[in-house]
file coords_8.pdb (PDB, C-alpha atoms)
ATOM      1  CA  MET A  97      55.837  31.724 -38.845  1.00  0.00           C
ATOM      2  CA  THR A  98      52.920  33.292 -40.736  1.00  0.00           C
ATOM      3  CA  ILE A  99      52.462  30.230 -42.963  1.00  0.00           C
ATOM      4  CA  LEU A 100      52.458  27.929 -39.932  1.00  0.00           C
ATOM      5  CA  ARG A 101      49.953  30.132 -38.109  1.00  0.00           C
ATOM      6  CA  THR A 102      47.694  30.227 -41.191  1.00  0.00           C
ATOM      7  CA  ALA A 103      47.884  26.439 -41.523  1.00  0.00           C
ATOM      8  CA  LEU A 104      47.002  25.965 -37.852  1.00  0.00           C
ATOM      9  CA  ILE A 105      44.032  28.319 -38.086  1.00  0.00           C
ATOM     10  CA  ALA A 106      42.804  26.629 -41.270  1.00  0.00           C
ATOM     11  CA  GLY A 107      43.119  23.214 -39.620  1.00  0.00           C
ATOM     12  CA  ALA A 108      41.185  24.387 -36.580  1.00  0.00           C
ATOM     13  CA  LEU A 109      38.403  25.785 -38.756  1.00  0.00           C
ATOM     14  CA  LEU A 110      38.148  22.578 -40.775  1.00  0.00           C
ATOM     15  CA  THR A 111      37.981  20.516 -37.589  1.00  0.00           C
ATOM     16  CA  ALA A 112      35.266  22.765 -36.149  1.00  0.00           C
ATOM     17  CA  ASN A 113      33.220  22.519 -39.348  1.00  0.00           C
ATOM     18  CA  ALA A 114      33.545  18.736 -39.393  1.00  0.00           C
ATOM     19  CA  ALA A 115      32.347  18.544 -35.788  1.00  0.00           C
ATOM     20  CA  GLN A 116      29.304  20.669 -36.654  1.00  0.00           C
ATOM     21  CA  ALA A 117      28.425  18.736 -39.801  1.00  0.00           C
ATOM     22  CA  GLY A 118      24.880  17.577 -39.122  1.00  0.00           C
ATOM     23  CA  PRO A 119      23.165  14.316 -39.859  1.00  0.00           C
ATOM     24  CA  ALA A 120      24.219  12.108 -42.721  1.00  0.00           C
ATOM     25  CA  ALA A 121      22.256  12.186 -45.954  1.00  0.00           C
ATOM     26  CA  PRO A 122      19.264   9.862 -45.627  1.00  0.00           C
ATOM     27  CA  PRO A 123      19.389   6.514 -47.419  1.00  0.00           C
ATOM     28  CA  SER A 124      16.878   5.927 -50.223  1.00  0.00           C
ATOM     29  CA  THR A 125      14.771   3.783 -47.890  1.00  0.00           C
ATOM     30  CA  TRP A 126      14.110   6.892 -45.764  1.00  0.00           C
ATOM     31  CA  ALA A 127      11.552   7.990 -48.380  1.00  0.00           C
ATOM     32  CA  ARG A 128       9.196   5.326 -46.999  1.00  0.00           C
ATOM     33  CA  CYS A 129       9.626   6.759 -43.490  1.00  0.00           C
ATOM     34  CA  ALA A 130       9.393  10.408 -44.557  1.00  0.00           C
ATOM     35  CA  VAL A 131       5.769   9.958 -45.568  1.00  0.00           C
ATOM     36  CA  CYS A 132       4.861   9.837 -41.859  1.00  0.00           C
ATOM     37  CA  HIS A 133       7.943  11.052 -39.954  1.00  0.00           C
ATOM     38  CA  SER A 134       9.996  14.235 -39.828  1.00  0.00           C
ATOM     39  CA  ASN A 135      13.731  14.021 -39.166  1.00  0.00           C
ATOM     40  CA  THR A 136      14.953  17.482 -38.189  1.00  0.00           C
ATOM     41  CA  LYS A 137      15.355  19.088 -34.788  1.00  0.00           C
ATOM     42  CA  GLY A 138      12.253  21.010 -33.784  1.00  0.00           C
ATOM     43  CA  ALA A 139      10.171  19.890 -36.761  1.00  0.00           C
ATOM     44  CA  PRO A 140       6.540  19.118 -35.943  1.00  0.00           C
ATOM     45  CA  ASP A 141       5.258  15.578 -35.714  1.00  0.00           C
ATOM     46  CA  LYS A 142       3.517  14.296 -38.804  1.00  0.00           C
ATOM     47  CA  ILE A 143       1.270  11.229 -38.845  1.00  0.00           C
ATOM     48  CA  GLY A 144       4.052   9.649 -36.801  1.00  0.00           C
ATOM     49  CA  PRO A 145       6.547  11.200 -34.392  1.00  0.00           C
ATOM     50  CA  ASN A 146       9.586  13.265 -35.322  1.00  0.00           C
ATOM     51  CA  LEU A 147      12.498  10.807 -35.310  1.00  0.00           C
ATOM     52  CA  TYR A 148      15.218  13.366 -34.617  1.00  0.00           C
ATOM     53  CA  GLY A 149      17.216  12.216 -31.595  1.00  0.00           C
ATOM     54  CA  VAL A 150      15.198   9.077 -30.847  1.00  0.00           C
ATOM     55  CA  TYR A 151      18.098   6.628 -31.028  1.00  0.00           C
ATOM     56  CA  GLY A 152      19.004   5.378 -27.563  1.00  0.00           C
ATOM     57  CA  HIS A 153      15.810   6.634 -25.924  1.00  0.00           C
ATOM     58  CA  LYS A 154      12.947   4.634 -24.478  1.00  0.00           C
ATOM     59  CA  MET A 155      10.217   4.001 -27.030  1.00  0.00           C
ATOM     60  CA  GLY A 156       7.128   6.169 -26.724  1.00  0.00           C
ATOM     61  CA  VAL A 157       8.365   8.892 -24.396  1.00  0.00           C
ATOM     62  CA  LYS A 158      10.409  11.379 -26.451  1.00  0.00           C
ATOM     63  CA  GLY A 159       8.767  14.500 -27.834  1.00  0.00           C
ATOM     64  CA  THR A 160       5.148  15.576 -27.900  1.00  0.00           C
ATOM     65  CA  TYR A 161       3.687  12.804 -30.058  1.00  0.00           C
ATOM     66  CA  LYS A 162       0.707  10.927 -28.574  1.00  0.00           C
ATOM     67  CA  PHE A 163       1.964   7.342 -28.674  1.00  0.00           C
ATOM     68  CA  SER A 164      -0.329   4.339 -28.348  1.00  0.00           C
ATOM     69  CA  ASP A 165      -0.579   2.702 -24.940  1.00  0.00           C
ATOM     70  CA  ALA A 166       1.056  -0.400 -26.433  1.00  0.00           C
ATOM     71  CA  VAL A 167       4.169   1.565 -27.407  1.00  0.00           C
ATOM     72  CA  LYS A 168       4.308   3.492 -24.117  1.00  0.00           C
ATOM     73  CA  LYS A 169       3.983   0.294 -22.082  1.00  0.00           C
ATOM     74  CA  SER A 170       6.525  -1.652 -24.166  1.00  0.00           C
ATOM     75  CA  GLY A 171       9.476  -0.365 -22.141  1.00  0.00           C
ATOM     76  CA  LEU A 172      11.730  -0.915 -25.152  1.00  0.00           C
ATOM     77  CA  LYS A 173      14.880   1.118 -25.730  1.00  0.00           C
ATOM     78  CA  LEU A 174      15.530   2.268 -29.299  1.00  0.00           C
ATOM     79  CA  ASP A 175      18.893   0.597 -29.835  1.00  0.00           C
ATOM     80  CA  ASP A 176      20.215  -1.379 -32.812  1.00  0.00           C
ATOM     81  CA  ALA A 177      18.515  -4.665 -31.873  1.00  0.00           C
ATOM     82  CA  THR A 178      15.124  -3.138 -31.068  1.00  0.00           C
ATOM     83  CA  LEU A 179      15.102  -0.892 -34.131  1.00  0.00           C
ATOM     84  CA  ASP A 180      16.010  -3.830 -36.359  1.00  0.00           C
ATOM     85  CA  LYS A 181      13.044  -5.836 -35.046  1.00  0.00           C
ATOM     86  CA  TRP A 182      10.749  -2.773 -35.174  1.00  0.00           C
ATOM     87  CA  LEU A 183      11.657  -1.928 -38.764  1.00  0.00           C
ATOM     88  CA  GLU A 184      11.270  -5.560 -39.790  1.00  0.00           C
ATOM     89  CA  ASN A 185       7.772  -5.960 -38.339  1.00  0.00           C
ATOM     90  CA  PRO A 186       6.372  -3.294 -35.988  1.00  0.00           C
ATOM     91  CA  ALA A 187       3.120  -5.188 -35.349  1.00  0.00           C
ATOM     92  CA  LYS A 188       5.004  -8.286 -34.234  1.00  0.00           C
ATOM     93  CA  LEU A 189       7.366  -6.422 -31.907  1.00  0.00           C
ATOM     94  CA  VAL A 190       4.666  -4.263 -30.276  1.00  0.00           C
ATOM     95  CA  PRO A 191       1.191  -5.674 -30.898  1.00  0.00           C
ATOM     96  CA  GLY A 192      -1.447  -2.954 -30.750  1.00  0.00           C
ATOM     97  CA  ASN A 193       0.769  -0.104 -31.935  1.00  0.00           C
ATOM     98  CA  ARG A 194      -0.748   2.357 -34.427  1.00  0.00           C
ATOM     99  CA  MET A 195       2.037   2.302 -37.017  1.00  0.00           C
ATOM    100  CA  SER A 196       0.434   1.051 -40.230  1.00  0.00           C
ATOM    101  CA  PHE A 197       3.693  -0.043 -41.810  1.00  0.00           C
ATOM    102  CA  PRO A 198       4.316  -3.618 -42.946  1.00  0.00           C
ATOM    103  CA  GLY A 199       8.055  -3.493 -42.292  1.00  0.00           C
ATOM    104  CA  ILE A 200      11.254  -3.799 -44.284  1.00  0.00           C
ATOM    105  CA  LYS A 201      12.322  -7.361 -44.993  1.00  0.00           C
ATOM    106  CA  ASP A 202      15.816  -6.479 -46.305  1.00  0.00           C
ATOM    107  CA  LYS A 203      18.215  -6.535 -43.330  1.00  0.00           C
ATOM    108  CA  ALA A 204      20.770  -4.330 -45.142  1.00  0.00           C
ATOM    109  CA  LYS A 205      18.157  -1.629 -45.756  1.00  0.00           C
ATOM    110  CA  ARG A 206      17.137  -1.756 -42.086  1.00  0.00           C
ATOM    111  CA  ALA A 207      20.793  -1.411 -41.093  1.00  0.00           C
ATOM    112  CA  GLU A 208      21.117   1.682 -43.331  1.00  0.00           C
ATOM    113  CA  LEU A 209      18.115   3.289 -41.655  1.00  0.00           C
ATOM    114  CA  ILE A 210      19.409   2.500 -38.174  1.00  0.00           C
ATOM    115  CA  ALA A 211      22.809   3.982 -39.038  1.00  0.00           C
ATOM    116  CA  TYR A 212      21.026   7.078 -40.344  1.00  0.00           C
ATOM    117  CA  LEU A 213      18.851   7.438 -37.226  1.00  0.00           C
ATOM    118  CA  LYS A 214      22.036   7.411 -35.141  1.00  0.00           C
ATOM    119  CA  THR A 215      23.200  10.561 -36.954  1.00  0.00           C
ATOM    120  CA  LEU A 216      20.037  12.494 -36.091  1.00  0.00           C
ATOM    121  CA  LYS A 217      21.373  14.252 -33.009  1.00  0.00           C
TER     122      LYS A 217
END
call {"tool": "encode", "arguments": {"input": "coords_8.pdb", "output": "structure tokens"}}
result
Amino acid sequence: MTILRTALIAGALLTANAAQAGPAAPPSTWARCAVCHSNTKGAPDKIGPNLYGVYGHKMGVKGTYKFSDAVKKSGLKLDDATLDKWLENPAKLVPGNRMSFPGIKDKAKRAELIAYLKTLK
């Protein structure tokens, strides 16, 4: 009975730790984003907004960052499709935004970043 109880407790602890495991490790492409964006809960905005928890939210409303009128008025939701277009060419998706980033042409690298952003919660 003691061995079974120990095994059950160990299993419960492992499950709890797995559930609390935070965001995934950032992909190498994140280094381009990290120049302007933070990615941890409660971290201050940098040149651009903190990207922690943005996935699934409306663009330009989360946090304390002062977004451009173009971004605030876009009405876009940060889902897979929107993020893919944004990361490919921000100026094309939302003309007049302030993000001075040319985009990422490699679809696989954009997909890695989107998958990573989903873990930031």
call {"tool": "closest_residue", "arguments": {"input": "coords_8.pdb", "among": "A:Pro119, A:Glu184, A:Lys168, A:Ala139", "to": "Lys205 (chain A)", "atoms": "only C-alpha atoms"}}
result
A:Glu184
call {"tool": "closest_residue", "arguments": {"input": "coords_8.pdb", "among": "A:Leu213, A:Met155, A:Val167, A:Ala204", "to": "Ala187 (chain A)", "atoms": "all atoms listed in the file"}}
result
A:Val167
call {"tool": "residues_around", "arguments": {"input": "coords_8.pdb", "residues": "Pro122 (chain A)", "least_positions_apart": "5", "cutoff": "10 Å", "atoms": "only C-alpha atoms", "output": "ChimeraX atom specification"}}
result
/A:127,130,135,208-209,211-213,215-216
call {"tool": "atom_distance", "arguments": {"input": "coords_8.pdb", "atom1": "CA of Ile200 (chain A)", "atom2": "CA of Gly152 (chain A)"}}
result
20.6 Å
call {"tool": "closest_residue", "arguments": {"input": "coords_8.pdb", "among": "A:Ala120, A:Val190, A:Met195, A:Ala166", "to": "Pro145 (chain A)", "atoms": "all atoms listed in the file"}}
result
A:Met195
call {"tool": "closest_atom_pairs", "arguments": {"input": "coords_8.pdb", "of": "region 119-153 of chain A", "to": "region 157-162 of chain A", "cutoff": "9 Å", "atoms": "only C-alpha atoms", "output": "CSV"}}
result
residue,atom,partner,partner_atom,distance
A:Pro140,CA,A:Thr160,CA,8.9
A:Asp141,CA,A:Tyr161,CA,6.5
A:Lys142,CA,A:Tyr161,CA,8.9
A:Gly144,CA,A:Tyr161,CA,7.5
A:Pro145,CA,A:Tyr161,CA,5.4
A:Asn146,CA,A:Gly159,CA,7.6
A:Gly149,CA,A:Lys158,CA,8.6
A:Val150,CA,A:Lys158,CA,6.9
A:His153,CA,A:Lys158,CA,7.2
call {"tool": "closest_residue", "arguments": {"input": "coords_8.pdb", "among": "A:Leu147, A:Gly138, A:Gly192, A:Ala207", "to": "Ala177 (chain A)", "atoms": "all atoms listed in the file"}}
result
A:Ala207
call {"tool": "atom_distance", "arguments": {"input": "coords_8.pdb", "atom1": "CA of Ser134 (chain A)", "atom2": "CA of Phe197 (chain A)"}}
result
15.7 Å
call {"tool": "resolve_selection", "arguments": {"input": "coords_8.pdb", "expression": "the PyMOL selection byres ((chain A and resi 178) around 12)", "output": "ChimeraX atom specification"}}
result
/A:151-155,170-177,179-186,188-190,206-207,210
call {"tool": "decode", "arguments": {"input": "coords_8.pdb", "residues": "region 149-160 of chain A", "atoms": "N, CA and C atoms", "output": "tab-separated table (two decimals), in the first residue's frame"}}
result
chain	number	residue	atom	x	y	z
A	149	GLY	N	0.44	37.06	-23.70
A	149	GLY	CA	-1.01	36.94	-23.65
A	149	GLY	C	-1.77	37.62	-24.76
A	150	VAL	N	-1.11	38.04	-25.84
A	150	VAL	CA	-1.84	38.75	-26.89
A	150	VAL	C	-2.63	37.84	-27.81
A	151	TYR	N	-2.21	36.58	-27.93
A	151	TYR	CA	-2.89	35.68	-28.87
A	151	TYR	C	-4.38	35.59	-28.52
A	152	GLY	N	-5.21	35.75	-29.54
A	152	GLY	CA	-6.65	35.65	-29.37
A	152	GLY	C	-7.34	36.96	-29.02
A	153	HIS	N	-6.57	37.99	-28.72
A	153	HIS	CA	-7.14	39.29	-28.36
A	153	HIS	C	-7.25	40.19	-29.58
A	154	LYS	N	-8.05	41.22	-29.46
A	154	LYS	CA	-8.19	42.22	-30.50
A	154	LYS	C	-6.89	43.03	-30.56
A	155	MET	N	-6.45	43.31	-31.75
A	155	MET	CA	-5.21	44.06	-31.96
A	155	MET	C	-5.35	45.49	-31.44
A	156	GLY	N	-4.35	45.92	-30.68
A	156	GLY	CA	-4.28	47.31	-30.26
A	156	GLY	C	-5.03	47.69	-29.00
A	157	VAL	N	-5.49	46.70	-28.24
A	157	VAL	CA	-6.25	47.05	-27.03
A	157	VAL	C	-5.69	46.45	-25.75
A	158	LYS	N	-4.82	45.46	-25.84
A	158	LYS	CA	-4.32	44.78	-24.64
A	158	LYS	C	-3.12	45.52	-24.06
A	159	GLY	N	-3.12	45.69	-22.76
A	159	GLY	CA	-1.97	46.28	-22.08
A	159	GLY	C	-2.02	47.80	-22.06
A	160	THR	N	-0.87	48.38	-21.76
A	160	THR	CA	-0.78	49.83	-21.59
A	160	THR	C	-0.07	50.53	-22.75
